[in-house]
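With compact mmCIF, C-alpha atoms inside, this is query.txt:
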# COMPACT_ATOMS: atom_id res chain seq x y z
CA MET A 596 0.00 0.00 0.00
CA ALA A 597 1.27 3.45 -0.94
CA THR A 598 2.02 5.71 1.94
CA PHE A 599 0.21 9.04 2.21
CA SER A 600 3.22 10.96 1.00
CA GLU A 601 3.38 8.90 -2.18
CA ILE A 602 -0.16 9.74 -3.26
CA GLU A 603 -0.15 12.38 -5.96
CA SER A 604 -2.30 15.38 -5.28
CA LYS A 605 -5.12 15.82 -7.82
CA VAL A 606 -6.24 19.24 -6.67
CA GLY A 607 -4.73 22.69 -6.97
CA MET A 608 -3.07 24.31 -4.08
CA LYS A 609 -5.79 26.91 -3.60
CA ALA A 610 -8.50 24.26 -3.56
CA GLU A 611 -6.88 22.60 -0.59
CA VAL A 612 -7.13 25.73 1.47
CA SER A 613 -10.32 25.69 3.47
CA HIS A 614 -10.62 29.49 3.75
CA PRO A 615 -10.55 32.28 1.15
CA GLU A 616 -7.33 34.02 0.38
CA LEU A 617 -6.56 36.50 3.10
CA VAL A 618 -6.29 40.18 2.36
CA ALA A 619 -3.44 42.37 3.57
CA VAL A 620 -4.30 45.52 5.51
CA PHE A 621 -2.00 47.94 7.31
CA ASP A 622 -2.53 49.54 10.69
CA SER A 623 -1.54 53.09 11.64
CA ASN A 624 2.00 51.91 12.42
CA ASN A 625 2.31 50.33 8.99
CA ASN A 626 2.13 46.80 10.43
CA LYS A 627 0.90 44.36 7.80
CA LEU A 628 -2.02 42.15 8.86
CA PHE A 629 -3.69 39.39 6.88
CA VAL A 630 -7.42 39.22 7.48
CA HIS A 631 -10.56 37.63 6.07
CA PRO A 632 -11.89 39.62 3.07
CA GLU A 633 -15.19 40.25 4.86
CA VAL A 634 -13.34 41.78 7.79
CA ALA A 635 -11.05 43.86 5.57
CA GLN A 636 -13.69 46.43 4.57
CA ASP A 637 -14.67 47.04 8.17
CA LEU A 638 -11.04 47.58 9.10
CA LEU A 639 -10.54 49.94 6.16
CA ASN A 640 -13.51 51.96 7.37
CA GLN A 641 -11.88 52.19 10.77
CA GLY A 642 -8.72 53.73 9.40
CA TYR A 643 -6.71 50.68 8.36
CA ARG A 644 -5.18 50.91 4.89
CA ASN A 645 -5.04 48.47 2.04
CA ALA A 646 -1.55 49.66 1.18
CA PRO A 647 1.41 50.82 3.21
CA LEU A 648 1.25 54.32 4.60
CA ASP A 649 1.51 56.91 1.84
CA VAL A 650 1.53 60.54 2.79
CA ARG A 651 0.22 61.44 -0.66
CA ALA A 652 -2.99 59.51 0.06
CA THR A 653 -3.49 61.43 3.30
CA LEU A 654 -2.65 64.68 1.52
CA SER A 655 -5.32 63.97 -1.08
CA GLU A 656 -7.85 63.53 1.72
CA PHE A 657 -6.73 66.80 3.29
CA VAL A 658 -7.14 68.65 -0.01
CA ALA A 659 -10.60 67.18 -0.68
CA ILE A 660 -11.85 67.92 2.84
CA ALA A 661 -10.36 71.43 2.68
CA GLU A 662 -12.33 72.17 -0.47
CA ALA A 663 -15.49 70.81 1.15
CA ALA A 664 -14.86 72.86 4.28
CA ILE A 665 -14.40 76.04 2.24
CA LYS A 666 -17.74 75.41 0.56
CA ALA A 667 -19.42 74.83 3.94
CA VAL A 668 -18.09 78.13 5.29
CA GLU A 669 -19.08 79.92 2.09
CA GLU A 670 -22.59 78.53 2.34
CA PHE A 671 -22.96 79.91 5.85
CA ILE A 672 -21.66 83.37 4.94
CA GLU A 673 -23.65 83.53 1.69
CA GLY A 674 -26.78 82.51 3.60
CA VAL A 675 -26.28 85.32 6.07
CA ILE A 676 -25.52 88.11 3.64
CA SER A 677 -28.28 87.08 1.27
CA ASP A 678 -30.94 88.26 3.74
CA ASN A 679 -28.84 90.24 6.21
CA GLU A 680 -29.69 88.06 9.16
CA ILE A 681 -28.57 84.93 10.91
CA ASN A 682 -31.64 82.73 10.95
CA THR A 683 -32.07 79.18 12.16
CA SER A 684 -31.04 77.74 8.83
CA ASP A 685 -27.89 79.86 8.88
CA GLU A 686 -27.08 78.61 12.34
CA SER A 687 -27.34 75.05 11.07
CA ALA A 688 -24.98 76.10 8.30
CA ALA A 689 -22.66 77.60 10.92
CA VAL A 690 -22.64 74.32 12.82
CA THR A 691 -21.92 72.51 9.57
CA ALA A 692 -19.06 74.90 8.81
CA GLY A 693 -17.62 74.32 12.28
CA PHE A 694 -18.05 70.59 11.80
CA ALA A 695 -16.22 70.77 8.48
CA MET A 696 -13.35 72.78 9.95
CA GLY A 697 -13.08 70.29 12.80
CA LYS A 698 -12.94 67.47 10.30
CA LEU A 699 -10.26 69.35 8.36
CA MET A 700 -8.19 69.80 11.52
CA GLN A 701 -8.56 66.10 12.27
CA VAL A 702 -7.28 65.19 8.81
CA TYR A 703 -4.49 67.77 9.13
CA ASN A 704 -3.34 66.20 12.38
CA GLY A 705 -3.40 62.81 10.69
CA LEU A 706 -1.41 64.18 7.78
CA MET A 707 1.25 65.58 10.09
CA ALA A 708 1.40 62.35 12.08
CA ASP A 709 1.66 60.25 8.92
CA THR A 710 4.43 62.45 7.57
CA TYR A 711 6.50 62.24 10.75
CA LYS A 712 5.88 58.50 10.91
CA THR A 713 7.02 58.00 7.36
CA TYR A 714 10.05 60.24 7.02
CA PRO A 715 13.03 60.69 9.35
CA VAL A 716 13.67 64.04 10.94
CA VAL A 717 17.12 65.08 9.79
CA GLN A 718 19.22 67.57 11.69
CA GLY A 719 22.31 69.43 10.59
CA GLU A 720 25.62 67.68 11.11
CA SER A 721 27.19 68.32 14.47
CA ILE A 722 30.79 69.39 14.92
CA LYS A 723 33.24 67.13 16.70
CA LEU A 724 35.29 68.76 19.44
CA VAL A 725 37.85 67.62 21.92
CA GLY A 726 38.12 69.13 25.39
CA GLU A 727 41.23 69.96 27.41
CA ASP A 728 40.79 66.66 29.23
CA GLY A 729 41.00 64.85 25.88
CA LYS A 730 37.36 63.76 25.86
CA GLU A 731 35.50 64.06 22.56
CA THR A 732 32.09 65.63 22.27
CA GLN A 733 29.73 66.92 19.62
CA ALA A 734 28.24 70.39 19.43
CA ASP A 735 25.75 72.29 17.37
CA PRO A 736 27.47 74.55 14.79
CA ASN A 737 25.76 77.57 16.33
CA GLN A 738 27.50 76.90 19.63
CA LEU A 739 30.97 76.34 18.20
CA ASP A 740 32.33 79.70 19.34
CA ASP A 741 31.14 79.10 22.90
CA PHE A 742 32.91 75.76 23.04
CA LEU A 743 36.12 77.16 21.57
CA LYS A 744 36.13 79.88 24.22
CA LYS A 745 35.84 77.18 26.87
CA GLY A 746 39.02 75.55 25.59
CA PHE A 747 37.56 72.97 23.25
CA LYS A 748 39.32 72.37 19.94
CA GLN A 749 37.64 71.35 16.70
CA ILE A 750 38.71 67.96 15.45
CA MET B 1065 -34.01 102.05 9.09
CA GLU B 1066 -32.53 102.80 12.48
CA THR B 1067 -33.91 102.00 15.85
CA VAL B 1068 -32.94 102.52 19.47
CA LEU B 1069 -30.99 99.54 20.68
CA ARG B 1070 -31.03 100.63 24.31
CA VAL B 1071 -30.76 103.70 26.48
CA ASP B 1072 -27.35 103.63 28.05
CA PRO B 1073 -26.98 105.55 31.35
CA ASP B 1074 -23.78 107.16 30.11
CA LEU B 1075 -24.16 107.26 26.36
CA GLY B 1076 -27.87 107.95 26.08
CA ARG B 1077 -29.86 106.47 23.23
CA ILE B 1078 -27.90 104.11 21.03
CA PHE B 1079 -29.17 103.98 17.47
CA VAL B 1080 -28.46 100.93 15.37
CA PRO B 1081 -29.87 99.47 12.15
CA GLU B 1082 -33.07 97.54 12.74
CA ILE B 1083 -31.43 94.21 12.00
CA PHE B 1084 -28.94 94.62 14.83
CA LYS B 1085 -31.66 95.05 17.39
CA LYS B 1086 -32.88 91.58 16.56
CA LEU B 1087 -29.46 90.07 16.98
CA ILE B 1088 -27.69 91.81 19.83
CA SER B 1089 -27.94 90.64 23.40
CA TYR B 1090 -26.46 92.72 26.15
CA PRO B 1091 -25.88 92.39 29.90
CA GLY B 1092 -28.87 92.54 32.16
CA MET B 1093 -31.36 91.97 29.37
CA PRO B 1094 -32.94 88.78 28.02
CA THR B 1095 -31.02 87.02 25.31
CA LYS B 1096 -32.43 88.07 21.97
CA ARG B 1097 -31.97 84.79 20.24
CA MET B 1098 -31.31 81.39 21.67
CA ALA B 1099 -28.91 79.25 19.72
CA ASP B 1100 -31.21 76.73 18.10
CA GLN B 1101 -29.49 74.23 15.88
CA GLY B 1102 -32.78 72.56 15.12
CA GLU B 1103 -33.19 69.06 13.83
CA PHE B 1104 -30.90 68.48 10.94
CA ALA B 1105 -28.33 66.20 9.42
CA ILE B 1106 -24.82 67.02 8.30
CA TRP B 1107 -23.92 64.98 5.27
CA THR B 1108 -20.29 64.08 4.82
CA ALA B 1109 -19.47 62.25 1.60
CA VAL B 1110 -15.99 61.17 0.57
CA GLN B 1111 -15.02 59.55 -2.72
CA LYS B 1112 -11.91 57.41 -2.85
CA ARG B 1113 -10.23 55.80 -5.80
CA GLN B 1114 -7.31 53.43 -5.96
CA ASN B 1115 -4.45 55.11 -7.78
CA GLU B 1116 -1.85 53.45 -9.96
CA LYS B 1117 0.30 52.72 -6.94
CA GLY B 1118 -2.50 50.93 -5.15
CA PHE B 1119 -3.23 53.69 -2.68
CA LEU B 1120 -6.76 54.81 -1.89
CA GLU B 1121 -6.68 58.41 -2.95
CA THR B 1122 -9.40 60.82 -1.84
CA ILE B 1123 -10.52 62.61 -4.97
CA TRP B 1124 -13.67 64.38 -3.80
CA ALA B 1125 -15.49 65.35 -0.62
CA SER B 1126 -18.61 67.20 0.38
CA ILE B 1127 -19.90 68.48 3.72
CA THR B 1128 -23.43 69.91 3.67
CA HIS B 1129 -26.51 69.96 5.84
CA ASN B 1130 -30.26 70.00 5.64
CA GLU B 1131 -33.15 70.00 8.07
CA ARG B 1132 -35.37 67.06 8.91
CA VAL B 1133 -38.43 66.69 6.67
CA ASP B 1134 -42.00 66.60 8.01
CA ARG B 1135 -42.23 62.82 7.83
CA GLY B 1136 -39.14 62.52 9.96
CA ALA B 1137 -40.79 64.62 12.63
CA SER B 1138 -43.98 62.59 12.38
CA ILE B 1139 -42.05 59.38 12.92
CA GLN B 1140 -40.25 60.83 15.90
CA VAL B 1141 -43.41 61.98 17.64
CA ASN B 1142 -44.94 58.54 17.13
CA ALA B 1143 -41.87 56.86 18.59
CA MET B 1144 -42.13 59.11 21.64
CA PHE B 1145 -45.89 59.24 22.23
CA GLY B 1146 -47.39 56.41 20.24
CA THR B 1147 -50.84 57.66 19.41
CA VAL B 1148 -49.93 60.48 17.05
CA GLY B 1149 -47.71 60.73 14.03
CA THR B 1150 -46.60 58.07 11.59
CA THR B 1151 -45.72 54.55 12.63
CA PRO B 1152 -42.09 53.86 11.74
CA ASN B 1153 -41.05 51.09 9.44
CA GLY B 1154 -37.78 50.63 11.22
CA VAL B 1155 -35.00 52.87 12.44
CA PHE B 1156 -33.49 55.63 10.35
CA SER B 1157 -30.35 53.78 9.41
CA SER B 1158 -30.98 53.18 5.73
CA VAL B 1159 -28.75 55.31 3.49
CA ALA B 1160 -29.85 56.14 -0.05
CA VAL B 1161 -27.75 57.89 -2.70
CA ALA B 1162 -29.35 60.38 -5.08
CA SER B 1163 -28.96 59.72 -8.80
CA SER B 1164 -30.11 63.21 -9.78
CA ALA B 1165 -30.17 66.66 -8.24
CA LEU B 1166 -32.82 66.89 -5.53
CA THR B 1167 -35.47 69.56 -5.43
CA LYS B 1168 -35.88 69.54 -1.67
CA ASN B 1169 -39.21 70.05 0.00
CA LYS B 1170 -40.22 69.77 3.64
CA ALA B 1171 -43.06 67.47 2.59
CA ASP B 1172 -40.80 65.05 0.73
CA LEU B 1173 -41.49 61.37 1.28
CA SER B 1174 -38.89 60.03 -1.12
CA LEU B 1175 -35.60 61.50 -2.32
CA GLY B 1176 -36.48 64.82 -3.96
CA SER B 1177 -40.14 63.86 -4.25
CA THR B 1178 -43.34 64.36 -2.30
CA SER B 1179 -44.55 61.03 -3.67
CA ALA B 1180 -44.18 58.06 -1.35
CA ASN B 1181 -42.38 54.84 -2.26
CA VAL B 1182 -40.63 56.08 -5.39
CA THR B 1183 -36.99 55.77 -6.35
CA THR B 1184 -37.10 58.30 -9.18
CA ASN B 1185 -34.06 60.17 -7.89
CA GLU B 1186 -32.35 57.28 -6.19
CA PHE B 1187 -29.69 54.79 -7.28
CA THR B 1188 -30.91 51.22 -7.39
CA THR B 1189 -27.85 49.75 -9.11
CA ILE B 1190 -24.03 49.95 -9.37
CA GLY B 1191 -23.56 49.22 -5.70
CA LEU B 1192 -25.29 52.43 -4.61
CA SER B 1193 -28.72 51.08 -3.83
CA ARG B 1194 -30.26 51.85 -0.47
CA VAL B 1195 -28.63 49.90 2.33
CA THR B 1196 -28.35 49.87 6.10
CA GLY B 1197 -25.57 51.97 7.54
CA THR B 1198 -23.78 51.66 10.83
CA VAL B 1199 -25.15 53.79 13.66
CA GLN B 1200 -22.20 55.07 15.69
CA ASN B 1201 -20.53 57.96 17.52
CA TYR B 1202 -23.44 58.99 19.73
CA VAL B 1203 -22.65 62.28 21.45
CA ALA B 1204 -24.91 63.03 24.41
CA PRO B 1205 -26.30 66.55 24.99
CA ALA B 1206 -23.67 68.83 26.51
CA SER B 1207 -26.19 70.42 28.83
CA LEU B 1208 -29.83 70.23 29.82
CA GLY B 1209 -31.91 70.88 26.72
CA ALA B 1210 -28.96 70.71 24.33
CA THR B 1211 -29.02 68.50 21.27
CA PHE B 1212 -27.41 65.09 20.82
CA SER B 1213 -25.77 63.87 17.65
CA VAL B 1214 -25.22 60.47 16.15
CA ASP B 1215 -23.69 59.20 12.90
CA VAL B 1216 -25.13 56.82 10.34
CA TYR B 1217 -22.24 55.65 8.19
CA LYS B 1218 -22.13 53.59 5.03
CA SER B 1219 -19.25 52.79 2.72
CA PHE B 1220 -20.50 52.03 -0.79
CA SER B 1221 -18.35 49.99 -3.18
CA VAL B 1222 -19.17 51.32 -6.62
CA SER B 1223 -19.53 48.70 -9.34
CA GLY B 1224 -20.37 50.88 -12.32
CA SER B 1225 -20.36 54.42 -13.61
CA GLY B 1226 -22.67 57.11 -12.32
CA THR B 1227 -22.93 60.56 -10.79
CA ALA B 1228 -23.99 60.90 -7.17
CA HIS B 1229 -25.84 64.11 -6.39
CA GLY B 1230 -26.83 63.68 -2.77
CA ALA B 1231 -28.13 61.32 -0.14
CA GLY B 1232 -31.04 60.60 2.16
CA LEU B 1233 -31.83 58.72 5.31
CA PHE B 1234 -34.77 56.29 5.42
CA ASP B 1235 -36.23 53.86 7.92
CA SER B 1236 -36.19 50.90 5.54
CA ASN B 1237 -34.10 49.52 2.71
CA THR B 1238 -37.30 48.60 0.90
CA PRO B 1239 -38.66 51.72 -0.80
CA THR B 1240 -42.29 50.68 -0.47
CA GLY B 1241 -43.52 51.74 2.94
CA SER B 1242 -40.28 53.47 3.90
CA ASN B 1243 -40.10 56.93 5.47
CA LEU B 1244 -37.65 59.73 4.78
CA TYR B 1245 -35.90 61.50 7.66
CA ALA B 1246 -33.58 63.95 5.88
CA GLU B 1247 -32.04 64.48 2.46
CA ASP B 1248 -29.56 66.81 0.85
CA ASN B 1249 -27.63 67.54 -2.28
CA PHE B 1250 -23.86 67.28 -2.06
CA SER B 1251 -21.95 70.54 -2.51
CA SER B 1252 -20.90 69.24 -5.93
CA THR B 1253 -21.46 65.99 -7.75
CA ALA B 1254 -19.32 62.90 -7.32
CA VAL B 1255 -18.48 61.33 -10.67
CA LEU B 1256 -18.05 57.67 -9.88
CA ILE B 1257 -16.54 54.75 -11.73
CA SER B 1258 -16.36 51.07 -10.92
CA GLY B 1259 -13.90 50.40 -8.11
CA ASP B 1260 -14.49 53.71 -6.39
CA THR B 1261 -15.56 53.92 -2.78
CA LEU B 1262 -18.19 56.42 -1.68
CA ASN B 1263 -18.35 56.89 2.08
CA VAL B 1264 -21.50 58.63 3.24
CA THR B 1265 -22.03 59.78 6.83
CA ALA B 1266 -25.19 61.43 8.09
CA THR B 1267 -24.51 63.19 11.38
CA VAL B 1268 -27.97 63.66 12.82
CA THR B 1269 -28.52 66.35 15.42
CA ASN B 1270 -31.71 66.34 17.42

Write-out of the structure in structure tokens:
Amino acid sequence: MATFSEIESKVGMKAEVSHPELVAVFDSNNNKLFVHPEVAQDLLNQGYRNAPLDVRATLSEFVAIAEAAIKAVEEFIEGVISDNEINTSDESAAVTAGFAMGKLMQVYNGLMADTYKTYPVVQGESIKLVGEDGKETQADPNQLDDFLKKGFKQI
Amino acid sequence: METVLRVDPDLGRIFVPEIFKKLISYPGMPTKRMADQGEFAIWTAVQKRQNEKGFLETIWASITHNERVDRGASIQVNAMFGTVGTTPNGVFSSVAVASSALTKNKADLSLGSTSANVTTNEFTTIGLSRVTGTVQNYVAPASLGATFSVDVYKSFSVSGSGTAHGAGLFDSNTPTGSNLYAEDNFSSTAVLISGDTLNVTATVTN
């Protein structure tokens, strides 16, 4: 009798898998997670991404929301000056404008956070110095003169 | 036309345009106008499209508002007191997307129409047909008598081409017998193609 390992498989690899192919989503820290397709959409709605973090995607959201917010503010102001009074409808428009600006600020904060998460913060190169005791240190270029006055020498 | 706003003990009679008298409140006197946000819904719609690099790019957004229609009020009074108003067909969590510009009327029963049970101005295909949204983000009144707010959110996966003009909130996914709560046109139209995502949120204040 043939052993199990000697039996040739008649089915494709995918057919042997008892669950659908998992979908990759990315959390706010760019961690890749594989989840069931039905769960993926819910996660995407909650802020997960279907691709690694891309600042340009967040920027596009900021631009679109900004344009919508401008329109919301315009609608409020136009409503007021059209009849020279702030009526109940205008106040609803004012709330909507405030809501839109709040949403814009939320997206802006996300955009800033995404940018700082994605790209390194680079500082200017420090200057190497050696003290009178022979110990090496590093200083900001703007403070070079101060260190030299204290007896440090530039390496 | 000018009118006397008030007689100030130091300044005497203060004349202002008539409109200002209606608006200005001042110390020691009743508030002229109470902030009344009314019953309305803020509609936030966001269109996303996958770009060539696979990222979901936001290509359009709209934030608008409109007041509750009469039928919405009728449903609410019935839910509260039972013997008056219109019996609801469910809860107002069904999100519909408008397929044409809405001529809004306080007596509307369907999207942009005073006729009941019609989908004349409503998408029934391409993934935009009326569907139940998620009720979330309840914010309780900040003070006694203040309004609460709650979101009804739905993410539509678009499977064809079309132009979305607005949205509405109903109490049933089945048009026949359903009741409209609020509707509005978007600030501009969303031109959709297959593969797009249209996220619609109705933030209801009451």

(request) Could you please tell me, as an NGL selection string, which residues of chain B have an atom within 6 Å of chain A when using only C-alpha atoms? (result) :B and (1101 or 1119 or 1121-1122 or 1124-1127)

(request) Give me the residues within 8 Å of Leu1166 (chain B) as a ChimeraX atom specification, counting all atoms listed in the file and dropping any in the same chain fewer than 5 places off. (result) /B:1175-1176,1185,1229-1230,1248-1249

(message) Please list as a ChimeraX atom specification every residue within 10 Å of Lys748 (chain A), counting all atoms listed in the file and excluding residues in the same chain fewer than 3 positions away.
(response) /A:723-727,729,731,739,742-745

(request) Pick out the closest residue to Ser1174 (chain B) from this set: B:Gly1259, B:Gly1224, B:Gly1136, B:Pro1152. Count all atoms listed in the file. (result) B:Gly1136

(request) Could you tell me which of B:Val1216, B:Val1148, B:Leu1173, B:Ile1190 comes closest to Thr1269 (chain B) if we count all atoms listed in the file? (result) B:Val1216

(message) List as a PyMOL selection string the protein and nucleic acid residues near Thr1189 (chain B), meaning an atom at most 10 Å away when only C-alpha atoms are counted, but skip any in the same chain fewer than 5 places from it.
(response) chain B and resi 1194+1222-1226

(message) Report, in Å to a single decimal, how far apart CA of Gly1146 (chain B) and CA of Val1268 (chain B) are.
(response) 22.0 Å

(message) I need the residue nearest Ser1219 (chain B) from this list: B:Pro1239, B:Thr1147, B:Tyr1245, B:Asn1263. Use all atoms listed in the file for the distance.
(response) B:Asn1263

(message) Restricting the calculation to only C-alpha atoms: of B:Thr1178, B:Thr1267, B:Ser1164, B:Gln1140, which residue gets closest to Gly1197 (chain B)?
(response) B:Thr1267
